Structures are given as C-alpha cells and as structure tokens.
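Next comes work-v1.tsv, a file with TSV, C-alpha atoms.
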```tsv
chain	number	residue	atom	x	y	z
A	1	MET	CA	78.06	72.78	89.81
A	2	GLU	CA	75.87	74.07	86.95
A	3	GLU	CA	75.44	77.42	88.72
A	4	GLU	CA	79.18	77.62	89.34
A	5	LEU	CA	79.82	76.88	85.67
A	6	LYS	CA	77.56	79.78	84.67
A	7	ILE	CA	79.45	82.11	87.02
A	8	PHE	CA	82.75	80.76	85.64
A	9	ILE	CA	81.69	81.66	82.10
A	10	GLN	CA	80.50	85.11	83.20
A	11	VAL	CA	83.81	85.72	84.97
A	12	TRP	CA	85.79	84.87	81.84
A	13	VAL	CA	83.57	87.12	79.72
A	14	SER	CA	84.20	90.00	82.13
A	15	ALA	CA	87.93	89.18	82.10
A	16	ILE	CA	88.08	89.26	78.28
A	17	ILE	CA	86.22	92.61	78.20
A	18	SER	CA	88.59	94.03	80.84
A	19	VAL	CA	91.72	92.85	79.04
A	20	THR	CA	90.35	94.24	75.75
A	21	TYR	CA	90.07	97.63	77.46
A	22	CYS	CA	93.72	97.29	78.58
A	23	TYR	CA	94.75	96.53	75.00
A	24	TYR	CA	93.19	99.64	73.51
A	25	LEU	CA	93.25	102.45	76.10
A	26	PRO	CA	96.41	102.34	78.30
A	27	PRO	CA	98.89	102.18	75.36
A	28	LYS	CA	97.54	105.56	74.20
A	29	ILE	CA	98.50	107.15	77.55
A	30	LYS	CA	102.01	108.59	77.51
A	31	THR	CA	102.75	108.80	81.26
A	32	SER	CA	103.61	105.58	83.16
A	33	ILE	CA	101.77	106.65	86.32
A	34	LEU	CA	98.58	107.44	84.42
A	35	ARG	CA	98.85	104.13	82.51
A	36	LEU	CA	99.22	102.33	85.82
A	37	LEU	CA	96.19	104.11	87.27
A	38	SER	CA	94.19	103.14	84.18
A	39	VAL	CA	94.79	99.40	84.69
A	40	LEU	CA	94.37	99.36	88.49
A	41	PRO	CA	90.54	99.00	88.35
A	42	VAL	CA	90.99	95.88	86.22
A	43	CYS	CA	93.57	94.54	88.69
A	44	ALA	CA	91.15	95.18	91.59
A	45	LEU	CA	88.41	93.30	89.72
A	46	PHE	CA	90.72	90.35	89.02
A	47	LEU	CA	91.71	90.20	92.70
A	48	ALA	CA	88.03	89.97	93.71
A	49	LEU	CA	86.83	87.42	91.12
A	50	PRO	CA	88.01	84.21	92.91
A	51	MET	CA	85.68	85.05	95.82
A	52	PHE	CA	82.64	84.23	93.68
A	53	PHE	CA	83.24	80.46	93.75
A	54	SER	CA	82.81	77.62	96.23
A	55	THR	CA	84.38	74.89	94.07
A	56	VAL	CA	88.16	74.77	94.51
A	57	HIS	CA	88.95	74.12	90.84
A	58	PHE	CA	87.11	77.20	89.58
A	59	SER	CA	88.39	79.38	92.42
A	60	PHE	CA	91.97	78.12	91.95
A	61	THR	CA	91.85	78.63	88.17
A	62	ILE	CA	90.67	82.24	88.44
A	63	ALA	CA	93.04	82.97	91.34
A	64	PHE	CA	96.04	81.54	89.48
A	65	PHE	CA	95.34	82.83	85.97
A	66	LEU	CA	93.82	86.25	86.71
A	67	SER	CA	94.68	87.29	90.28
A	68	GLY	CA	98.13	85.67	90.39
A	69	LEU	CA	99.43	86.20	86.85
A	70	ALA	CA	97.25	88.64	84.87
A	71	VAL	CA	97.46	91.31	87.59
A	72	PRO	CA	101.29	91.54	87.70
A	73	LYS	CA	101.43	91.20	83.90
A	74	LEU	CA	99.11	94.20	83.48
A	75	ILE	CA	101.02	96.25	86.06
A	76	LEU	CA	104.30	95.49	84.28
A	77	PHE	CA	102.61	96.26	80.95
A	78	ALA	CA	101.60	99.72	82.26
A	79	LEU	CA	105.26	100.28	83.18
A	80	GLU	CA	106.36	99.10	79.71
A	81	LYS	CA	107.86	95.87	80.99
A	82	GLY	CA	107.01	92.18	81.14
A	83	PRO	CA	105.60	89.62	78.68
A	84	LEU	CA	102.90	92.00	77.33
A	85	PHE	CA	105.43	94.62	76.26
A	86	PRO	CA	105.96	95.41	73.47
A	87	LEU	CA	102.30	95.15	72.57
A	88	PRO	CA	101.44	91.77	70.94
A	89	PRO	CA	100.49	91.89	67.24
A	90	ASN	CA	96.72	91.61	67.76
A	91	LEU	CA	93.97	91.52	70.38
A	92	LEU	CA	93.69	87.71	70.46
A	93	HIS	CA	97.40	87.36	71.27
A	94	PHE	CA	97.11	90.02	73.96
A	95	ILE	CA	94.13	88.31	75.63
A	96	CYS	CA	95.81	84.90	75.59
A	97	PHE	CA	99.16	86.14	76.88
A	98	ALA	CA	97.48	88.24	79.58
A	99	CYS	CA	95.02	85.60	80.84
A	100	PHE	CA	96.98	82.36	80.46
A	101	PRO	CA	100.36	81.27	81.86
A	102	ILE	CA	101.98	81.08	78.44
A	103	LYS	CA	105.01	82.59	76.72
A	104	PHE	CA	106.42	82.52	73.19
A	105	GLN	CA	109.05	79.83	72.68
A	106	ILE	CA	112.00	81.32	70.83
A	107	ASN	CA	113.93	78.92	68.56
A	108	PRO	CA	112.24	75.67	69.67
A	109	ASN	CA	114.68	72.77	69.46
A	110	PRO	CA	113.16	69.25	69.47
A	111	GLY	CA	116.67	67.84	69.85
A	112	ASN	CA	117.11	69.57	73.18
A	113	PRO	CA	117.87	67.01	75.90
A	114	ASN	CA	115.17	68.64	78.04
A	115	HIS	CA	112.58	67.93	75.32
A	116	PHE	CA	110.83	64.75	76.48
A	117	PRO	CA	108.86	62.36	74.24
A	118	LYS	CA	105.06	62.30	74.31
A	119	TRP	CA	104.96	59.00	76.17
A	120	VAL	CA	106.32	60.78	79.26
A	121	PHE	CA	103.21	62.98	79.32
A	122	ALA	CA	101.02	59.91	78.75
A	123	LEU	CA	102.73	58.20	81.70
A	124	LYS	CA	101.96	61.20	83.91
A	125	VAL	CA	98.29	61.07	82.89
A	126	PHE	CA	98.25	57.35	83.71
A	127	ILE	CA	99.81	57.92	87.16
A	128	PHE	CA	97.35	60.73	87.89
A	129	GLY	CA	94.44	58.50	86.91
A	130	ALA	CA	95.79	55.65	89.06
A	131	LEU	CA	96.00	58.00	92.07
A	132	LEU	CA	92.39	59.11	91.65
A	133	LEU	CA	90.78	55.80	90.72
A	134	GLN	CA	92.87	53.28	92.65
A	135	VAL	CA	95.40	54.49	95.22
A	136	TYR	CA	93.15	56.89	97.14
A	137	ASP	CA	90.73	54.02	97.82
A	138	TYR	CA	93.35	52.71	100.28
A	139	LYS	CA	94.49	56.03	101.76
A	140	GLN	CA	93.23	55.12	105.23
A	141	PHE	CA	95.91	52.42	105.32
A	142	LEU	CA	98.77	54.69	104.19
A	143	PRO	CA	101.22	56.44	106.57
A	144	PRO	CA	100.33	60.17	106.94
A	145	ASN	CA	103.65	61.46	105.58
A	146	PHE	CA	103.48	59.11	102.59
A	147	LEU	CA	99.93	60.29	101.91
A	148	MET	CA	101.08	63.91	102.03
A	149	GLY	CA	103.75	62.99	99.50
A	150	LEU	CA	101.03	61.54	97.24
A	151	TYR	CA	99.06	64.75	97.62
A	152	ALA	CA	102.12	66.74	96.53
A	153	LEU	CA	102.47	64.44	93.51
A	154	HIS	CA	98.76	64.93	92.81
A	155	ILE	CA	99.12	68.75	92.80
A	156	TYR	CA	102.14	68.62	90.50
A	157	LEU	CA	100.55	66.18	88.04
A	158	GLU	CA	97.22	68.01	87.90
A	159	LEU	CA	98.97	71.34	87.37
A	160	GLU	CA	101.27	70.05	84.64
A	161	ILE	CA	98.59	68.06	82.81
A	162	SER	CA	96.12	70.98	82.88
A	163	LEU	CA	98.67	73.60	81.82
A	164	THR	CA	100.05	71.36	79.07
A	165	LEU	CA	96.55	70.90	77.62
A	166	ILE	CA	95.92	74.66	77.80
A	167	LYS	CA	99.27	75.33	76.13
A	168	PHE	CA	98.41	72.85	73.37
A	169	LEU	CA	95.00	74.44	72.67
A	170	VAL	CA	96.31	78.03	72.78
A	171	SER	CA	99.27	77.06	70.58
A	172	ILE	CA	96.89	75.71	67.94
A	173	THR	CA	94.67	78.80	68.24
A	174	LEU	CA	97.55	81.27	67.89
A	175	GLY	CA	99.60	79.17	65.48
A	176	CYS	CA	102.86	79.57	67.39
A	177	ASP	CA	105.20	77.61	69.65
A	178	LEU	CA	104.82	78.16	73.40
A	179	GLU	CA	107.21	77.39	76.22
A	180	PRO	CA	106.25	74.56	78.62
A	181	GLN	CA	105.24	75.52	82.15
A	182	PHE	CA	107.21	72.71	83.78
A	183	ASN	CA	110.56	71.24	82.80
A	184	GLU	CA	110.63	67.90	84.65
A	185	PRO	CA	111.22	69.40	88.16
A	186	TYR	CA	112.05	65.95	89.59
A	187	LEU	CA	115.32	66.13	87.60
A	188	ALA	CA	116.51	69.33	89.31
A	189	THR	CA	120.11	69.21	90.53
A	190	SER	CA	119.89	72.24	92.84
A	191	LEU	CA	117.35	74.61	94.35
A	192	TYR	CA	118.37	77.22	91.77
A	193	ASP	CA	117.74	74.68	89.01
A	194	PHE	CA	114.40	73.65	90.55
A	195	TRP	CA	112.91	77.11	91.12
A	196	GLY	CA	114.65	78.97	88.30
A	197	HIS	CA	114.55	76.52	85.40
A	198	ARG	CA	112.04	73.76	86.07
A	199	TRP	CA	109.08	74.64	88.32
A	200	ASN	CA	106.15	76.83	87.18
A	201	LEU	CA	108.29	78.81	84.75
A	202	MET	CA	105.80	81.59	83.95
A	203	VAL	CA	105.46	82.45	87.64
A	204	SER	CA	109.24	82.38	88.02
A	205	LYS	CA	109.59	84.80	85.09
A	206	ILE	CA	107.01	87.23	86.51
A	207	LEU	CA	108.64	87.19	89.96
A	208	TRP	CA	112.03	87.74	88.36
A	209	LEU	CA	110.75	90.79	86.48
A	210	ALA	CA	108.54	92.24	89.21
A	211	VAL	CA	110.60	91.57	92.35
A	212	TYR	CA	114.10	90.25	91.74
A	213	LEU	CA	115.32	92.70	89.05
A	214	PRO	CA	114.11	95.94	90.72
A	215	ILE	CA	115.83	95.00	94.00
A	216	ARG	CA	118.93	93.67	92.25
A	217	LYS	CA	119.33	96.89	90.25
A	218	TRP	CA	118.14	99.44	92.80
A	219	ARG	CA	121.59	101.00	92.74
A	220	ALA	CA	124.16	101.35	89.99
A	221	LYS	CA	126.76	99.06	91.54
A	222	SER	CA	125.06	96.09	93.15
A	223	SER	CA	126.72	93.76	95.61
A	224	GLU	CA	126.38	90.14	96.70
A	225	TRP	CA	124.19	91.41	99.53
A	226	ASP	CA	121.81	92.90	96.93
A	227	ARG	CA	121.66	89.51	95.20
A	228	PHE	CA	120.89	87.76	98.50
A	229	LEU	CA	118.22	90.34	99.38
A	230	ALA	CA	116.63	90.07	95.90
A	231	ILE	CA	116.39	86.26	96.07
A	232	PHE	CA	115.03	86.36	99.61
A	233	ALA	CA	112.44	89.05	98.76
A	234	THR	CA	111.31	87.11	95.68
A	235	PHE	CA	110.58	84.02	97.75
A	236	LEU	CA	108.90	86.10	100.46
A	237	VAL	CA	106.53	87.64	97.89
A	238	SER	CA	105.84	84.17	96.49
A	239	GLY	CA	105.01	82.92	99.97
A	240	VAL	CA	102.56	85.77	100.63
A	241	ALA	CA	100.97	85.15	97.19
A	242	HIS	CA	100.42	81.50	98.13
A	243	GLU	CA	98.84	82.57	101.44
A	244	ILE	CA	96.42	84.76	99.46
A	245	LEU	CA	95.69	81.81	97.17
A	246	TYR	CA	94.90	79.61	100.17
A	247	PHE	CA	92.66	82.37	101.53
A	248	TYR	CA	90.68	82.34	98.28
A	249	LEU	CA	90.25	78.57	98.56
A	250	THR	CA	89.50	78.30	102.30
A	251	LEU	CA	88.33	81.78	103.40
A	252	GLU	CA	90.34	81.11	106.57
A	253	LYS	CA	92.88	83.35	108.30
A	254	PRO	CA	96.44	82.65	107.08
A	255	THR	CA	98.67	80.47	109.28
A	256	TRP	CA	101.87	81.60	107.46
A	257	GLU	CA	103.24	78.05	107.24
A	258	VAL	CA	103.44	78.31	103.46
A	259	THR	CA	105.23	81.66	103.72
A	260	TRP	CA	107.81	80.05	106.01
A	261	PHE	CA	108.26	77.29	103.41
A	262	PHE	CA	109.22	79.89	100.79
A	263	VAL	CA	111.28	81.93	103.25
A	264	LEU	CA	113.28	78.80	104.06
A	265	HIS	CA	113.80	77.99	100.38
A	266	GLY	CA	114.70	81.60	99.62
A	267	PHE	CA	117.36	81.61	102.34
A	268	CYS	CA	118.74	78.22	101.25
A	269	MET	CA	118.80	79.13	97.57
A	270	ALA	CA	120.49	82.47	98.26
A	271	ALA	CA	123.10	80.67	100.38
A	272	GLU	CA	123.55	78.04	97.64
A	273	VAL	CA	124.16	80.71	94.98
A	274	ALA	CA	126.57	82.62	97.23
A	275	VAL	CA	128.58	79.50	98.07
A	276	LYS	CA	128.80	78.44	94.41
A	277	ARG	CA	129.99	81.88	93.38
A	278	LYS	CA	132.55	82.32	96.14
A	279	THR	CA	133.94	78.87	96.88
A	280	LYS	CA	136.46	77.55	94.37
A	281	LEU	CA	136.27	74.09	95.90
A	282	VAL	CA	132.57	73.85	95.03
A	283	GLN	CA	133.26	75.10	91.52
A	284	ARG	CA	135.83	72.34	90.97
A	285	TRP	CA	134.04	69.55	92.79
A	286	GLN	CA	131.19	68.25	90.63
A	287	VAL	CA	128.58	66.20	92.51
A	288	ASN	CA	127.13	63.20	90.71
A	289	PRO	CA	123.83	64.36	89.09
A	290	ALA	CA	121.94	61.41	90.60
A	291	VAL	CA	123.09	62.41	94.09
A	292	SER	CA	122.32	66.11	93.60
A	293	ARG	CA	118.86	65.27	92.23
A	294	LEU	CA	118.13	63.04	95.19
A	295	LEU	CA	119.26	65.73	97.65
A	296	THR	CA	117.34	68.51	95.89
A	297	VAL	CA	114.05	66.65	95.43
A	298	GLY	CA	114.42	65.17	98.92
A	299	PHE	CA	114.82	68.65	100.44
A	300	VAL	CA	111.81	69.99	98.54
A	301	PHE	CA	109.74	66.95	99.56
A	302	VAL	CA	110.66	67.00	103.25
A	303	THR	CA	110.17	70.75	103.67
A	304	GLY	CA	106.95	70.55	101.63
A	305	VAL	CA	105.52	67.83	103.91
A	306	TRP	CA	106.61	69.88	106.93
A	307	LEU	CA	105.40	73.36	105.92
A	308	PHE	CA	103.50	73.36	102.60
A	309	SER	CA	101.12	70.39	102.79
A	310	PRO	CA	99.60	70.66	106.30
A	311	GLN	CA	97.52	73.78	105.57
A	312	PRO	CA	95.55	72.46	102.55
A	313	ILE	CA	95.08	69.10	104.27
A	314	ARG	CA	93.92	70.73	107.52
A	315	HIS	CA	91.21	72.66	105.67
A	316	GLY	CA	90.12	69.68	103.58
A	317	LEU	CA	91.34	71.17	100.30
A	318	MET	CA	92.83	67.93	99.02
A	319	GLU	CA	89.60	66.04	99.73
A	320	ARG	CA	87.70	68.69	97.79
A	321	PHE	CA	90.18	68.54	94.90
A	322	ILE	CA	89.92	64.75	94.75
A	323	ASN	CA	86.10	64.72	94.96
A	324	GLU	CA	85.78	67.35	92.24
A	325	ASP	CA	88.25	65.48	90.02
A	326	LEU	CA	86.21	62.29	90.43
A	327	PHE	CA	83.00	64.22	89.73
A	328	LEU	CA	84.47	65.61	86.50
A	329	ILE	CA	85.65	62.17	85.40
A	330	ASP	CA	82.18	60.74	86.06
A	331	PHE	CA	80.54	63.71	84.29
A	332	PHE	CA	82.62	63.26	81.12
A	333	ASN	CA	82.11	59.49	81.20
A	334	ARG	CA	78.34	59.97	81.31
A	335	LYS	CA	78.49	62.48	78.44
A	336	LEU	CA	80.66	60.08	76.45
A	337	PHE	CA	78.20	57.21	76.97
A	338	ILE	CA	75.35	59.48	75.86
A	339	LEU	CA	77.23	60.42	72.68
A	340	LEU	CA	78.10	56.78	71.99
A	341	GLY	CA	74.46	55.88	72.47
A	342	LEU	CA	73.37	58.56	70.01
A	343	PHE	CA	75.88	57.39	67.39
A	344	THR	CA	74.78	53.77	67.90
A	345	SER	CA	71.08	54.65	67.49
A	346	ILE	CA	71.83	56.73	64.37
A	347	GLY	CA	73.85	53.86	62.90
```
Let's see the structure in the file written out as structure tokens.
Amino acid sequence: MEEELKIFIQVWVSAIISVTYCYYLPPKIKTSILRLLSVLPVCALFLALPMFFSTVHFSFTIAFFLSGLAVPKLILFALEKGPLFPLPPNLLHFICFACFPIKFQINPNPGNPNHFPKWVFALKVFIFGALLLQVYDYKQFLPPNFLMGLYALHIYLELEISLTLIKFLVSITLGCDLEPQFNEPYLATSLYDFWGHRWNLMVSKILWLAVYLPIRKWRAKSSEWDRFLAIFATFLVSGVAHEILYFYLTLEKPTWEVTWFFVLHGFCMAAEVAVKRKTKLVQRWQVNPAVSRLLTVGFVFVTGVWLFSPQPIRHGLMERFINEDLFLIDFFNRKLFILLGLFTSIG
C-alpha cells in the first residue's frame, strides 16, 4: 500500500504538470485541429495511468477522474467546447475543473426542494459504515440477489460520499459554489430523470456535449429518429467506457454485459422520451410519483443485478473494494489513536 501511495502521488504530480501545459500552450494555437493534436499526448498519458496500480481504489480514482473525465474535457477544450471553455480565470481553477468531476453552480438556491439537509448525508455515511462493519459479516447467509443489491448500494454510497467530500474541499479551496454530483437518484420518477438529472451529473454533462449534441445536430433539421439515435449512441459510448473501466480494474477481457446494460437503458429511455412526446394520453395522465419512483428504481435495480453487477462480483472486485475500505478505516483509526496518545502524553 505504501508503494502504491507513492505511485499515486507521482501520478497526480504528472497529471498536474500535464494539465498546466494544456492551460498555457493549446489556447495560443489558432487552429482547432492543431490544438487537438497538442492535447492528444496528454490524453494518451491519462489513458495509460490507471495501469500502474493494483489496488482498485487508486486505479478506479485515476481511471474515473483522468481517463474517464479529464480526457474528454481536454478534447472538448481543444475544440472550444465543454466545461473548460472559455478558459477559467486562473491555473488553479483550470487544474481543478480538468482533474475533478466538478462544475460551477450557477445561482445556488438553498430553498430548492432538491436541496437536502446535512443529516441526509450523515445518514448515508452511517449506512455505508453499517454495511462495512456489520452487514457484510453475515453476507454468507444473505440471498445472492439481495447481496448484489447491497453491493450496488455500496457503490452508490461510496461514490456519493467520496465525491461530496472532494466537492467540499475543492469548493473551500476555490471559494465558489459547486454543483453536486448526485441528486438523490432513488427519487427518480423516470429513466430520463434518473440518468439526465440525478445520477453522476458531471459524466452526464460530458456525454451530452461529446456524444448526444453532435449526433442530434448533425444536420440542420433534425428528426425524432435523430433524437433516438443520439440517446442510443450516448448510452452505447457510456457502456464501452464502463467496459474500459472494468478492464483497468481486472485486466480481463471484456464480457460486454455492462455494455448491454447501457444499451438496454438507452433503448428504453429513448422509447420513453418518444412516447411522452408523441402520446397525448401520457401527457395528460400523471402517474403518482411514489409509483413512478418505485417502477424506475425497480427497473434500474433489476437490470443492474442482471447485467451490471455480475462482472465485478465474478472478478472479485467487490471483495477487493470492501477489504481496502476496511484497511483504510483501520489505518485511520490507528493514526487517530497515535495522535490521541501524543496529545495525552503532552498534556
């Protein structure tokens, strides 16, 4: 772990140097193609960096932050699009917005009904801790599908807790309000609501800019077929990106189950949007929000257990995630006891 931590630090130093180069040189190049060529070496480096790790947390962090998000951000930046264009006011802002899944929050409104109190986050931390320290001790007695559901909950909670803490620290560093990465996805009333407005919002924004919009606007007068194709292509790209992520974590040949998960959701969401736009009956008939939430989350859960969860479980990824989480908890507990001991001896 100590050796991995050293590599992790070195990787981030190289990433900061690379992004600093992107801040100063490409904006001085007038032609889009030449700007794109100037950032491609950095993109190639970022795509290779996750291969340097054996621990899943370090590999996942680099794959998600740099390979999955920084690469498309830099490509869009070279084309004068995306969250890095126009150029942020200073280098620190550019580095943070390139390397982290964050975005400026315009006109933050604490009275917004989607703005949840702090105790909701505390409850999520408590549930995550209970999973790690209590529930998993009895996993051999749990039904397989129920256990896969717990693993899905684990992934969601760890992602949201980690990204919320990062957002909090970066927000303090930059002195600005940042948008949340998740917007209570368990309250989604449709697939469009789930994927478009609640789940992993920075990724959704990047896919919208890099895949959906170019296909949607490839001709002057777009049709409903263009909309369907754009939604479907966006989910297909997301599926392939997740296969690459799993390759970084397992170094195993893709099975394409995860891609089929996103293909299925892309088809269903495109059909949902088309039906809502074309059918007057659906527009008039309002389903009870509790029912629509149950149907939406139920569909995501069932299809996730069927197509998304088997691959990480088959390769032991969840066991590795859990063991590393427990190791980190034990590590910080030991450090805390050492600090308490030092304060006690000084007192």
Please produce, as CSV, a per-residue contact table for stretch 147-244 of chain A versus stretch 298-320 of chain A (criterion: any atom at most 9 Å away, all atoms listed in the file considered), showing the nearest atom pair and its distance in Å to one decimal, sorted by chain then residue number.
```
residue,atom,partner,partner_atom,distance
A:Met148,CA,A:Val305,CA,6.2
A:Gly149,CA,A:Val305,CA,6.8
A:Tyr151,CA,A:Met318,CA,7.1
A:Ala152,CA,A:Ser309,CA,7.3
A:Ile155,CA,A:Met318,CA,8.9
A:Leu191,CA,A:Val300,CA,8.3
```
(message) Please compute the atom CA of A:Val263-atom CA of A:Leu157 distance, one decimal, in Å.
(response)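 Interatomic distance here is 24.4 Å.
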(message) Calculated over only C-alpha atoms, which of the candidates A:Val297, A:Arg277, A:Ile206, A:Ile231 has the smallest distance to A:Glu184?
(response)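 Closest candidate: A:Val297.
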(message) Please compute the atom CA of A:Leu245-atom CA of A:Leu142 distance, one decimal, in Å.
(response) 28.2 Å
(message) List the spatial neighbours of A:Phe235 as a VMD selection string - criterion: any atom at most 12 Å away, all atoms listed in the file, same-chain residues fewer than 5 positions off excluded.
(response) chain A and resid 192 195 to 196 203 to 204 207 to 208 211 to 212 228 to 230 240 to 242 258 to 270
(message) One number please: atom CA of A:Phe65 to atom CA of A:Val135, in Å, one decimal.
(response) 29.8 Å
(message) Using only C-alpha atoms, which protein or nucleic acid residues come within 10 Å of stretch 4-20 of chain A? Drop anything in the same chain fewer than 4 positions from it, and give the result as a ChimeraX atom specification.
(response) /A:24-25,39,41-43,45-46,49-50,52-55,58-59,61-62,66,70,74,91-92,94-96,98-99
For the selection just defined, write its residues with C-alpha atoms to a file, as a JSON list (two decimals), in the frame of the given file.
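Written out: selection-v3.json:
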```
[["chain", "number", "residue", "atom", "x", "y", "z"],
["A", 24, "TYR", "CA", 93.19, 99.64, 73.51],
["A", 25, "LEU", "CA", 93.25, 102.45, 76.10],
["A", 39, "VAL", "CA", 94.79, 99.40, 84.69],
["A", 41, "PRO", "CA", 90.54, 99.00, 88.35],
["A", 42, "VAL", "CA", 90.99, 95.88, 86.22],
["A", 43, "CYS", "CA", 93.57, 94.54, 88.69],
["A", 45, "LEU", "CA", 88.41, 93.30, 89.72],
["A", 46, "PHE", "CA", 90.72, 90.35, 89.02],
["A", 49, "LEU", "CA", 86.83, 87.42, 91.12],
["A", 50, "PRO", "CA", 88.01, 84.21, 92.91],
["A", 52, "PHE", "CA", 82.64, 84.23, 93.68],
["A", 53, "PHE", "CA", 83.24, 80.46, 93.75],
["A", 54, "SER", "CA", 82.81, 77.62, 96.23],
["A", 55, "THR", "CA", 84.38, 74.89, 94.07],
["A", 58, "PHE", "CA", 87.11, 77.20, 89.58],
["A", 59, "SER", "CA", 88.39, 79.38, 92.42],
["A", 61, "THR", "CA", 91.85, 78.63, 88.17],
["A", 62, "ILE", "CA", 90.67, 82.24, 88.44],
["A", 66, "LEU", "CA", 93.82, 86.25, 86.71],
["A", 70, "ALA", "CA", 97.25, 88.64, 84.87],
["A", 74, "LEU", "CA", 99.11, 94.20, 83.48],
["A", 91, "LEU", "CA", 93.97, 91.52, 70.38],
["A", 92, "LEU", "CA", 93.69, 87.71, 70.46],
["A", 94, "PHE", "CA", 97.11, 90.02, 73.96],
["A", 95, "ILE", "CA", 94.13, 88.31, 75.63],
["A", 96, "CYS", "CA", 95.81, 84.90, 75.59],
["A", 98, "ALA", "CA", 97.48, 88.24, 79.58],
["A", 99, "CYS", "CA", 95.02, 85.60, 80.84]]
```
As lines of an AutoDock Vina configuration file: centre and edge lengths in Å, one decimal, of the axis-aligned box holding stretch 179-184 of chain A with 3 Å per side:
```
center_x = 107.9
center_y = 72.6
center_z = 80.4
size_x = 11.4
size_y = 15.5
size_z = 14.4
```
(request) List every protein, DNA or RNA residue that has an atom no more than 9 Å from (114.0, 80.9, 77.7) in the file's coordinate frame, counting all atoms listed in the file, and report them as a ChimeraX atom specification. (result) /A:104-106,179,197
(message) Calculated over all atoms listed in the file, which of the candidates A:Met202, A:Ala63, A:Val125, A:Val56 has the smallest distance to A:Tyr156?
(response) A:Val125
(request) Would you please work out which residue, of A:Asn200, A:Ala290, A:Ile322, A:Lys30, is nearest to A:Leu150 when using only C-alpha atoms? (result)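 Ranked by minimum distance to A:Leu150, first place goes to A:Ile322.
Using all atoms listed in the file, the nearest neighbour of A:Phe128 within the list A:Leu153, A:Leu209, A:Leu36, A:Ala271 is A:Leu153.
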(message) Report as a ChimeraX atom specification all protein, DNA and RNA residues lying within 12 Å of A:Ala122, evaluated on all atoms listed in the file, omitting residues in the same chain fewer than 4 positions from it.
(response) /A:116-118,126-129,157,160-161,164-165
Tell me which protein, DNA and RNA residues are within 6 Å of A:Arg198, counting all atoms listed in the file, leaving out same-chain ones fewer than 6 positions away, and put them as a JSON list (two decimals) with C-alpha atoms, in the coordinates of the input.
```
[["chain", "number", "residue", "atom", "x", "y", "z"],
["A", 182, "PHE", "CA", 107.21, 72.71, 83.78],
["A", 183, "ASN", "CA", 110.56, 71.24, 82.80],
["A", 185, "PRO", "CA", 111.22, 69.40, 88.16]]
```
(request) For A:Ile166, list every protein, DNA or RNA residue within 9 Å, evaluated using all atoms listed in the file, and leave out those in the same chain fewer than 3 positions away; present the list as JSON, numbers by chain. (result) {"A": [100, 101, 102, 161, 162, 163, 169, 170, 171]}
(message) So, with only C-alpha atoms as the atoms that count, which of A:Tyr23, A:Tyr186, A:Phe194, A:Phe332 lies closest to A:Pro88?
(response) A:Tyr23
